[in-house]
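First the structure, in the form of C-alpha coordinates, and then the observations on it.
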Amino acid sequence: MEREKKAIIDVMQEKGSVHDFTLYKGTIGKNIDESITALTDLGYIGIEKLHANCLLPIKESKNHKLTAREKAYNKKLAQQRVAVEHINAKIKTFKVTAYPYRNRRRRHLLRMSLICCIINLENTLC
(Lines give C-alpha, C1' and ligand atoms only; values in the text may rest on other atoms or scores of the structure.)
Protein backbone atom coordinates (compact mmCIF):
# COMPACT_ATOMS: atom_id res chain seq x y z
CA MET A 1 0.00 0.00 0.00
CA GLU A 2 1.45 3.35 -1.05
CA ARG A 3 1.56 6.19 1.46
CA GLU A 4 -0.34 9.33 0.59
CA LYS A 5 2.06 12.17 -0.18
CA LYS A 6 1.70 15.40 1.79
CA ALA A 7 2.73 18.74 0.33
CA ILE A 8 2.77 22.37 1.40
CA ILE A 9 0.20 24.09 -0.82
CA ASP A 10 0.58 27.73 0.10
CA VAL A 11 2.96 30.14 1.79
CA MET A 12 1.78 33.56 2.85
CA GLN A 13 3.15 36.54 4.68
CA GLU A 14 1.29 38.72 7.13
CA LYS A 15 2.59 41.75 8.95
CA GLY A 16 2.71 41.01 12.67
CA SER A 17 1.22 38.16 14.63
CA VAL A 18 -2.01 36.79 13.17
CA HIS A 19 -3.95 33.69 14.25
CA ASP A 20 -3.98 30.77 11.79
CA PHE A 21 -7.78 30.69 11.51
CA THR A 22 -7.88 34.42 10.69
CA LEU A 23 -5.41 33.80 7.86
CA TYR A 24 -7.47 30.84 6.66
CA LYS A 25 -10.67 32.91 6.53
CA GLY A 26 -9.00 35.77 4.70
CA THR A 27 -7.08 33.74 2.10
CA ILE A 28 -7.27 30.11 1.03
CA GLY A 29 -10.38 29.26 3.05
CA LYS A 30 -12.60 30.62 0.29
CA ASN A 31 -10.85 28.68 -2.47
CA ILE A 32 -10.50 25.16 -1.05
CA ASP A 33 -12.67 22.64 -2.86
CA GLU A 34 -15.33 20.91 -0.73
CA SER A 35 -14.00 17.49 -1.79
CA ILE A 36 -10.80 18.14 0.22
CA THR A 37 -11.00 17.05 3.84
CA ALA A 38 -9.55 19.61 6.24
CA LEU A 39 -7.88 18.02 9.27
CA THR A 40 -7.80 20.76 11.89
CA ASP A 41 -7.04 21.28 15.55
CA LEU A 42 -9.10 23.12 18.15
CA GLY A 43 -7.70 26.47 16.97
CA TYR A 44 -10.10 26.22 14.01
CA ILE A 45 -13.39 26.05 15.94
CA GLY A 46 -16.04 27.49 13.62
CA ILE A 47 -14.47 26.19 10.40
CA GLU A 48 -17.48 23.96 9.72
CA LYS A 49 -19.43 27.11 8.75
CA LEU A 50 -16.88 27.85 6.00
CA HIS A 51 -15.84 24.35 4.95
CA ALA A 52 -18.35 21.51 5.30
CA ASN A 53 -15.82 18.70 4.78
CA CYS A 54 -13.65 19.16 7.88
CA LEU A 55 -12.66 17.02 10.84
CA LEU A 56 -12.37 18.85 14.13
CA PRO A 57 -11.51 17.20 17.47
CA ILE A 58 -14.19 17.09 20.14
CA LYS A 59 -13.50 19.60 22.89
CA GLU A 60 -13.59 18.58 26.53
CA SER A 61 -14.70 20.94 29.28
CA LYS A 62 -15.19 20.60 33.00
CA ASN A 63 -18.94 20.18 32.42
CA HIS A 64 -18.58 17.83 29.44
CA LYS A 65 -16.12 15.00 29.94
CA LEU A 66 -15.30 12.98 26.83
CA THR A 67 -16.76 9.52 26.44
CA ALA A 68 -14.60 6.58 25.36
CA ARG A 69 -16.01 6.89 21.83
CA GLU A 70 -15.15 10.61 21.64
CA LYS A 71 -11.63 9.92 22.95
CA ALA A 72 -11.18 7.22 20.29
CA TYR A 73 -12.32 9.69 17.60
CA ASN A 74 -9.86 12.34 18.82
CA LYS A 75 -7.06 9.78 18.87
CA LYS A 76 -7.82 8.63 15.33
CA LEU A 77 -7.88 12.25 14.13
CA ALA A 78 -4.57 12.97 15.89
CA GLN A 79 -3.00 9.98 14.13
CA GLN A 80 -4.00 11.48 10.79
CA ARG A 81 -2.92 15.01 11.76
CA VAL A 82 0.55 13.94 12.86
CA ALA A 83 1.70 14.22 9.22
CA VAL A 84 0.91 17.95 9.31
CA GLU A 85 2.87 18.36 12.54
CA HIS A 86 5.82 16.51 11.00
CA ILE A 87 5.83 18.98 8.09
CA ASN A 88 5.82 21.88 10.60
CA ALA A 89 8.78 20.28 12.38
CA LYS A 90 10.66 19.95 9.08
CA ILE A 91 10.14 23.65 8.41
CA LYS A 92 11.56 24.50 11.84
CA THR A 93 14.75 22.52 11.18
CA PHE A 94 15.81 25.53 9.12
CA LYS A 95 17.18 27.96 11.69
CA VAL A 96 15.77 31.00 9.88
CA THR A 97 12.24 29.73 10.71
CA ALA A 98 12.93 28.42 14.21
CA TYR A 99 13.61 31.87 15.67
CA PRO A 100 12.00 35.30 15.24
CA TYR A 101 12.80 36.63 11.78
CA ARG A 102 15.00 39.72 12.05
CA ASN A 103 16.09 40.23 8.45
CA ARG A 104 14.53 42.17 5.55
CA ARG A 105 10.78 41.63 5.56
CA ARG A 106 10.51 41.72 1.75
CA ARG A 107 12.75 38.63 1.51
CA HIS A 108 10.90 36.59 4.14
CA LEU A 109 8.28 35.24 1.73
CA LEU A 110 10.97 34.26 -0.78
CA ARG A 111 12.95 32.39 1.89
CA MET A 112 9.86 30.61 3.20
CA SER A 113 8.85 29.62 -0.35
CA LEU A 114 12.31 28.20 -0.99
CA ILE A 115 12.27 26.21 2.25
CA CYS A 116 8.81 24.82 1.45
CA CYS A 117 9.93 23.88 -2.08
CA ILE A 118 12.90 22.01 -0.62
CA ILE A 119 10.61 20.11 1.75
CA ASN A 120 8.11 19.31 -1.04
CA LEU A 121 10.93 18.07 -3.28
CA GLU A 122 12.31 15.97 -0.44
CA ASN A 123 8.86 14.41 0.16
CA THR A 124 8.37 13.52 -3.52
CA LEU A 125 11.77 11.82 -3.75
CA CYS A 126 11.24 9.64 -0.67
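Just so we're on the same page: first chain in the C-alpha coordinates is A, next is B, and so on; residues restart at 1 for each chain, and ligands are numbered from 1 in the order they show up.
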
DSSP strand (DSSP E or B) residues within chain A, as a PyMOL selection string: chain A and resi 38-39+54-55

Please produce an output containing N, CA and C atoms for each residue in the selection, written as a PDB file, in the first residue's frame.
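The resulting file, out-v9.pdb, is shown below:
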```
ATOM      1  N   ALA A  38     -10.440  18.774   5.424  1.00  0.00           N
ATOM      2  CA  ALA A  38      -9.555  19.606   6.239  1.00  0.00           C
ATOM      3  C   ALA A  38      -9.405  18.968   7.611  1.00  0.00           C
ATOM      4  N   LEU A  39      -8.179  18.566   7.951  1.00  0.00           N
ATOM      5  CA  LEU A  39      -7.883  18.022   9.270  1.00  0.00           C
ATOM      6  C   LEU A  39      -7.379  19.166  10.128  1.00  0.00           C
ATOM      7  N   CYS A  54     -14.786  18.968   6.970  1.00  0.00           N
ATOM      8  CA  CYS A  54     -13.653  19.157   7.882  1.00  0.00           C
ATOM      9  C   CYS A  54     -13.805  18.218   9.075  1.00  0.00           C
ATOM     10  N   LEU A  55     -12.674  17.857   9.645  1.00  0.00           N
ATOM     11  CA  LEU A  55     -12.661  17.023  10.837  1.00  0.00           C
ATOM     12  C   LEU A  55     -12.014  17.828  11.957  1.00  0.00           C
TER      13      LEU A  55
END
```

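Atom to atom, CA of His64 in chain A and CA of Ile45 in chain A stand 16.6 Å apart.
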
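Checking A:Asn120, A:Leu42, A:Leu125, A:Val82 one by one against Glu60 in chain A, counting only C-alpha atoms, you find the shortest gap at A:Leu42.
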
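Straight-line separation from CA of Asn123 in chain A to CA of Asp33 in chain A: 23.2 Å.
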
Long-range neighbours of Gly46 in chain A as a list of chain:residue names, 12 Å cut-off, only C-alpha atoms, 5 positions minimum in chain: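 These residues fall inside the cut-off: A:Phe21, A:Thr22, A:Tyr24, A:Lys25, A:Thr40, A:Asp41, A:His51, A:Ala52, A:Cys54, A:Leu55, A:Leu56, A:Pro57.
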
Those in chain A with helix (DSSP H, G or I) from DSSP, as a ChimeraX atom specification: /A:20-26,28-30,42-44,47-49,68-92,95-98,105-125

Point-to-point distance from CA of Cys117 in chain A to CA of Ile87 in chain A, Å rounded to tenths: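 So the two atoms, CA of Cys117 in chain A and CA of Ile87 in chain A, lie 12.0 Å apart.
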
Non-local contacts of Phe94 in chain A (10 Å; only C-alpha atoms; under 5 positions in same chain excluded) as a PDB file with N, CA and C atoms, in the first residue's frame:
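Output (result-v6.pdb):
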```pdb
ATOM      1  N   ALA A  89       7.483  20.527  11.754  1.00  0.00           N
ATOM      2  CA  ALA A  89       8.782  20.282  12.378  1.00  0.00           C
ATOM      3  C   ALA A  89       9.905  20.361  11.346  1.00  0.00           C
ATOM      4  N   TYR A  99      13.480  30.701  14.795  1.00  0.00           N
ATOM      5  CA  TYR A  99      13.611  31.871  15.668  1.00  0.00           C
ATOM      6  C   TYR A  99      12.880  33.058  15.043  1.00  0.00           C
ATOM      7  N   MET A 112      10.832  31.636   2.793  1.00  0.00           N
ATOM      8  CA  MET A 112       9.861  30.611   3.203  1.00  0.00           C
ATOM      9  C   MET A 112       9.436  29.762   2.015  1.00  0.00           C
ATOM     10  N   ILE A 115      12.235  27.284   1.251  1.00  0.00           N
ATOM     11  CA  ILE A 115      12.275  26.212   2.251  1.00  0.00           C
ATOM     12  C   ILE A 115      11.148  25.214   2.000  1.00  0.00           C
TER      13      ILE A 115
END
```
